[in-house]
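Below you'll find the structure, written out as structure tokens, and then a few comments.
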Amino acid sequence: MNDRSAMNQYWGRENLGQTILDALASAGMDLGALTVDDIAVTDHFHSGGKGATRRLARVAGLAPGMRVLDVGGGLGGPARMLAAEFGCHVTVIDLTESYVHAAAMLTERLRLGHRVSHHVGNALDLPFDDGAFDVVWTQNSGMNIADKARLYAGFGRVIRAGGLLTIQEPMAGPVQPPIFPLMWARDPGQSFLRAPDEMRAFIERAGFRLRAWDDVTTELAGPPAGAAAPPHSVQRLIMGENLEAITCAGQQNREERRIVMVQAVFERP
């Protein structure tokens, strides 16, 4: 099975767009007047939700008109926030086809199609010209990718000189191994976390210079084990009955420093 098939098998969900609309309607949302804040609990599938996206954008200093490539952008929550709140033009690429279709539907409903576009594609083989973007943005998207050197080299190719690499990524903590299941993996065969020092070295070897590096493990911690996620939350919609086990393991991984969360900004000289 190739990477695309494996990722679609793990992450993909049939009729995801309609499932999301039904969940939003059941939560009392007006489907004809949705905003990025209305659907944030549904379309920000990463640690810390929309608050984490806003924090990272401010650290990076994103500004109107910037061309952003969101790699592994999933359902498009961060991309739509960057467009609506920061005035960016965002291209989203993701390997999971059902996410891309659902994301495009949500973007059109929020009338942001002029600023956000969605594409099926592989982070290790980016189909864009050299220097096409001011920023490569990625939140919680590299955990399933083993070849970190190739990943960051590809990012460096599509960022213009003076542009930014802006990341939020879970990394291997000082205590190992992590407890499974994780949100992105049932077992060690699907997870490729590296320690912070290793990650920084991969990125710097790809030609980037560090501007900011923050351990945000505590700040972006999810709800405690046993807390009920709302029915229209993306975690509930995607992980279903497996969410409780994942949440319990996640809390243990954070508390025991088996997994740490980092937000960082690098510049391409």
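Labels for the structure tokens follow display order: chains A, B, ..., residues from 1 in each chain, ligands from 1.
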Tell me which protein, DNA and RNA residues are within 8 Å of A:Ala206, counting only C-alpha atoms, leaving out same-chain ones fewer than 5 positions away, and put them as an MDAnalysis selection string. chainID A and resid 149 152:153 156
Keeping only N, CA and C atoms, write the selected residues as a compact mmCIF listing (two decimals), in the first residue's frame.
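Saved as out_23.txt:
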# COMPACT_ATOMS: atom_id res chain seq x y z
N ALA A 149 14.00 15.06 6.25
CA ALA A 149 14.95 15.83 5.45
C ALA A 149 14.32 16.21 4.11
N TYR A 152 11.45 19.00 4.62
CA TYR A 152 11.86 20.38 4.82
C TYR A 152 12.65 20.93 3.64
N ALA A 153 13.34 20.07 2.92
CA ALA A 153 13.99 20.53 1.69
C ALA A 153 12.94 20.99 0.68
N GLY A 156 11.69 24.36 1.67
CA GLY A 156 12.65 25.39 1.33
C GLY A 156 12.61 25.76 -0.14
Running DSSP on the backbone, which parts of stretch 24-249 of chain A land in alpha helix (DSSP H), as a ChimeraX atom specification? /A:24-26,40-43,49-60,77-86,97-109,148-158,196-205,234-239,243-249
Spatial neighbours of A:Ile179, 8 Å, only C-alpha atoms, chain gap at least 2 places, as a ChimeraX atom specification: /A:177,181-182,249-250,252-253,258
Residue nearest A:Ala264 among A:Asp30, A:Glu108, A:Asp215, A:Asp43 (counting only C-alpha atoms):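 Closest to A:Ala264 of all the choices is A:Asp215.
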Closest to A:Phe266 among A:Cys88, A:Val71, A:Val234, A:Ala60, using only C-alpha atoms?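 Selected residue with least distance to A:Phe266: A:Ala60.
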Could you name the residues that touch A:Gly61 at 10 Å or less, counting only C-alpha atoms, but leaving out those on the same chain fewer than 3 positions away, as a list in words?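 Returned residues: Arg55, Leu56, Ala57, Arg58, Phe86, Leu164 and Val265 of chain A.
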Selected residues written out with N, CA and C atoms, as an mmCIF file, in the first residue's frame:
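So the final result, stored in selection-v6.cif, reads:
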data_model
loop_
_atom_site.group_PDB
_atom_site.id
_atom_site.type_symbol
_atom_site.label_atom_id
_atom_site.label_comp_id
_atom_site.auth_asym_id
_atom_site.auth_seq_id
_atom_site.Cartn_x
_atom_site.Cartn_y
_atom_site.Cartn_z
ATOM 1 N N ARG A 55 -2.277 32.306 17.637
ATOM 2 C CA ARG A 55 -1.002 32.551 18.318
ATOM 3 C C ARG A 55 0.162 32.427 17.350
ATOM 4 N N LEU A 56 0.171 31.347 16.558
ATOM 5 C CA LEU A 56 1.277 31.099 15.643
ATOM 6 C C LEU A 56 1.339 32.171 14.555
ATOM 7 N N ALA A 57 0.194 32.586 14.064
ATOM 8 C CA ALA A 57 0.177 33.631 13.040
ATOM 9 C C ALA A 57 0.747 34.941 13.572
ATOM 10 N N ARG A 58 0.456 35.258 14.826
ATOM 11 C CA ARG A 58 0.979 36.493 15.417
ATOM 12 C C ARG A 58 2.480 36.406 15.660
ATOM 13 N N PHE A 86 -6.260 37.632 8.870
ATOM 14 C CA PHE A 86 -4.933 38.182 8.594
ATOM 15 C C PHE A 86 -4.776 38.641 7.150
ATOM 16 N N LEU A 164 9.080 32.648 5.134
ATOM 17 C CA LEU A 164 9.009 32.004 6.436
ATOM 18 C C LEU A 164 8.499 30.570 6.359
ATOM 19 N N VAL A 265 9.079 29.386 14.185
ATOM 20 C CA VAL A 265 9.138 30.158 12.952
ATOM 21 C C VAL A 265 10.594 30.214 12.498
#
Got a sec: who's within 10 Å of A:Ala146, counting only C-alpha atoms, leaving out chain neighbours fewer than 3 positions off, as a PDB file with N, CA and C atoms, in the first residue's frame?
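After the write, around.pdb holds the following:
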ATOM      1  N   GLY A 142       3.146  16.683  10.219  1.00  0.00           N
ATOM      2  CA  GLY A 142       4.313  15.891   9.836  1.00  0.00           C
ATOM      3  C   GLY A 142       4.506  14.607  10.615  1.00  0.00           C
ATOM      4  N   MET A 143       3.545  14.269  11.483  1.00  0.00           N
ATOM      5  CA  MET A 143       3.743  13.134  12.389  1.00  0.00           C
ATOM      6  C   MET A 143       3.762  11.789  11.662  1.00  0.00           C
ATOM      7  N   ALA A 149      13.995  15.064   6.250  1.00  0.00           N
ATOM      8  CA  ALA A 149      14.945  15.830   5.450  1.00  0.00           C
ATOM      9  C   ALA A 149      14.324  16.211   4.109  1.00  0.00           C
ATOM     10  N   ARG A 150      13.677  15.270   3.461  1.00  0.00           N
ATOM     11  CA  ARG A 150      13.024  15.561   2.177  1.00  0.00           C
ATOM     12  C   ARG A 150      11.869  16.540   2.362  1.00  0.00           C
ATOM     13  N   LEU A 151      11.137  16.389   3.445  1.00  0.00           N
ATOM     14  CA  LEU A 151       9.999  17.264   3.714  1.00  0.00           C
ATOM     15  C   LEU A 151      10.443  18.720   3.793  1.00  0.00           C
ATOM     16  N   GLN A 190       2.930   3.806  12.466  1.00  0.00           N
ATOM     17  CA  GLN A 190       2.333   4.933  11.748  1.00  0.00           C
ATOM     18  C   GLN A 190       2.839   6.290  12.225  1.00  0.00           C
ATOM     19  N   SER A 191       3.684   6.309  13.246  1.00  0.00           N
ATOM     20  CA  SER A 191       4.089   7.566  13.876  1.00  0.00           C
ATOM     21  C   SER A 191       5.597   7.763  13.767  1.00  0.00           C
ATOM     22  N   PHE A 192       5.997   8.984  13.364  1.00  0.00           N
ATOM     23  CA  PHE A 192       7.415   9.262  13.134  1.00  0.00           C
ATOM     24  C   PHE A 192       7.815  10.565  13.827  1.00  0.00           C
ATOM     25  N   LEU A 193       7.676  10.573  15.148  1.00  0.00           N
ATOM     26  CA  LEU A 193       8.075  11.743  15.928  1.00  0.00           C
ATOM     27  C   LEU A 193       9.586  11.751  16.130  1.00  0.00           C
ATOM     28  N   ARG A 194      10.159  12.947  16.122  1.00  0.00           N
ATOM     29  CA  ARG A 194      11.576  13.113  16.434  1.00  0.00           C
ATOM     30  C   ARG A 194      11.703  14.122  17.564  1.00  0.00           C
TER      31      ARG A 194
END
Pairwise distance for atom CA of A:Leu110 and atom CA of A:Glu241, rounded to one decimal in Å: 29.6 Å
A:Ala123, A:Ala201, A:Ala104, A:Ala63 ranked by distance to A:Leu75, top pick (using only C-alpha atoms): A:Ala104
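Nearest residue to A:Ala27 among A:Arg54, A:Arg211, A:His232, A:His44 is A:His232, counting only C-alpha atoms.
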Residues near A:Leu95, cut-off 6 Å, only C-alpha atoms, skip fewer than 2 positions along chain, as a PyMOL selection string: chain A and resi 120-122
Contacts of A:Leu16 at 9 Å (only C-alpha atoms; same-chain gap of 6+ positions) as a PyMOL selection string: chain A and resi 98-99+101-102+237-238
Top pick for closest residue to A:Ala132, considering A:Gln263, A:Thr96, A:Thr35, A:Thr91 and counting only C-alpha atoms: A:Thr91
Considering only C-alpha atoms, can you say which of A:Val262, A:Leu165, A:Leu21, A:Met29 comes closest to A:Asp197? A:Val262
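Across the structure, atom CA of A:Ala103 and atom CA of A:Glu85 are spaced 17.8 Å apart.
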Run DSSP on the backbone and tell me which residues of stretch 120-204 of chain A come out as strand (DSSP E or B); list them as a PyMOL selection string. chain A and resi 120+133-139+159-172+182+185
With N, CA and C atoms kept, could you save the residues just selected as a CSV table (one decimal), in the first residue's frame?
chain,number,residue,atom,x,y,z
A,120,VAL,N,-5.6,18.3,-3.6
A,120,VAL,CA,-5.1,17.0,-3.2
A,120,VAL,C,-3.6,16.9,-3.6
A,133,PHE,N,5.9,31.0,-2.7
A,133,PHE,CA,5.1,31.4,-1.5
A,133,PHE,C,6.0,32.2,-0.6
A,134,ASP,N,5.3,33.1,0.1
A,134,ASP,CA,6.0,33.9,1.2
A,134,ASP,C,6.1,33.1,2.5
A,135,VAL,N,5.2,32.2,2.7
A,135,VAL,CA,5.1,31.4,3.9
A,135,VAL,C,4.7,30.0,3.6
A,136,VAL,N,5.4,29.0,4.2
A,136,VAL,CA,4.9,27.6,4.3
A,136,VAL,C,4.4,27.5,5.7
A,137,TRP,N,3.2,27.1,5.9
A,137,TRP,CA,2.5,26.9,7.2
A,137,TRP,C,2.1,25.4,7.3
A,138,THR,N,2.4,24.9,8.5
A,138,THR,CA,1.9,23.5,8.8
A,138,THR,C,1.7,23.3,10.3
A,139,GLN,N,0.5,22.8,10.6
A,139,GLN,CA,0.1,22.6,12.0
A,139,GLN,C,-0.3,21.1,12.1
A,159,ILE,N,9.6,28.3,-0.9
A,159,ILE,CA,9.5,29.5,-0.2
A,159,ILE,C,10.5,30.5,-0.8
A,160,ARG,N,10.1,31.7,-1.0
A,160,ARG,CA,11.0,32.7,-1.6
A,160,ARG,C,12.1,33.1,-0.6
A,161,ALA,N,13.1,33.7,-1.1
A,161,ALA,CA,14.2,34.2,-0.2
A,161,ALA,C,13.6,35.2,0.7
A,162,GLY,N,13.9,35.1,2.0
A,162,GLY,CA,13.3,36.0,3.0
A,162,GLY,C,12.0,35.6,3.5
A,163,GLY,N,11.4,34.5,3.0
A,163,GLY,CA,10.1,34.0,3.4
A,163,GLY,C,10.2,33.1,4.7
A,164,LEU,N,9.1,32.6,5.1
A,164,LEU,CA,9.0,32.0,6.4
A,164,LEU,C,8.5,30.6,6.4
A,165,LEU,N,9.0,29.7,7.2
A,165,LEU,CA,8.5,28.4,7.5
A,165,LEU,C,7.9,28.5,8.9
A,166,THR,N,6.6,28.3,9.1
A,166,THR,CA,5.9,28.4,10.3
A,166,THR,C,5.2,27.1,10.7
A,167,ILE,N,5.6,26.5,11.8
A,167,ILE,CA,5.2,25.2,12.1
A,167,ILE,C,4.6,25.1,13.5
A,168,GLN,N,3.7,24.1,13.7
A,168,GLN,CA,3.3,23.6,15.0
A,168,GLN,C,3.3,22.1,14.9
A,169,GLU,N,4.1,21.5,15.7
A,169,GLU,CA,4.4,20.0,15.5
A,169,GLU,C,4.6,19.3,16.9
A,170,PRO,N,3.9,18.2,17.1
A,170,PRO,CA,4.2,17.3,18.2
A,170,PRO,C,5.6,16.7,17.9
A,171,MET,N,6.3,16.6,19.0
A,171,MET,CA,7.7,16.0,18.9
A,171,MET,C,7.9,15.0,20.0
A,172,ALA,N,8.9,14.2,19.9
A,172,ALA,CA,9.2,13.2,20.9
A,172,ALA,C,9.8,13.9,22.2
A,182,LEU,N,-2.6,7.2,19.4
A,182,LEU,CA,-2.5,8.7,19.3
A,182,LEU,C,-3.5,9.1,18.3
A,185,ALA,N,-2.1,7.9,14.9
A,185,ALA,CA,-1.6,6.6,14.8
A,185,ALA,C,-2.1,5.6,15.8
One-decimal distance in Å that lies between atom CA of A:Asp147 and atom CA of A:Leu210: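 Between atom CA of A:Leu210 and atom CA of A:Asp147 the gap is 20.6 Å.
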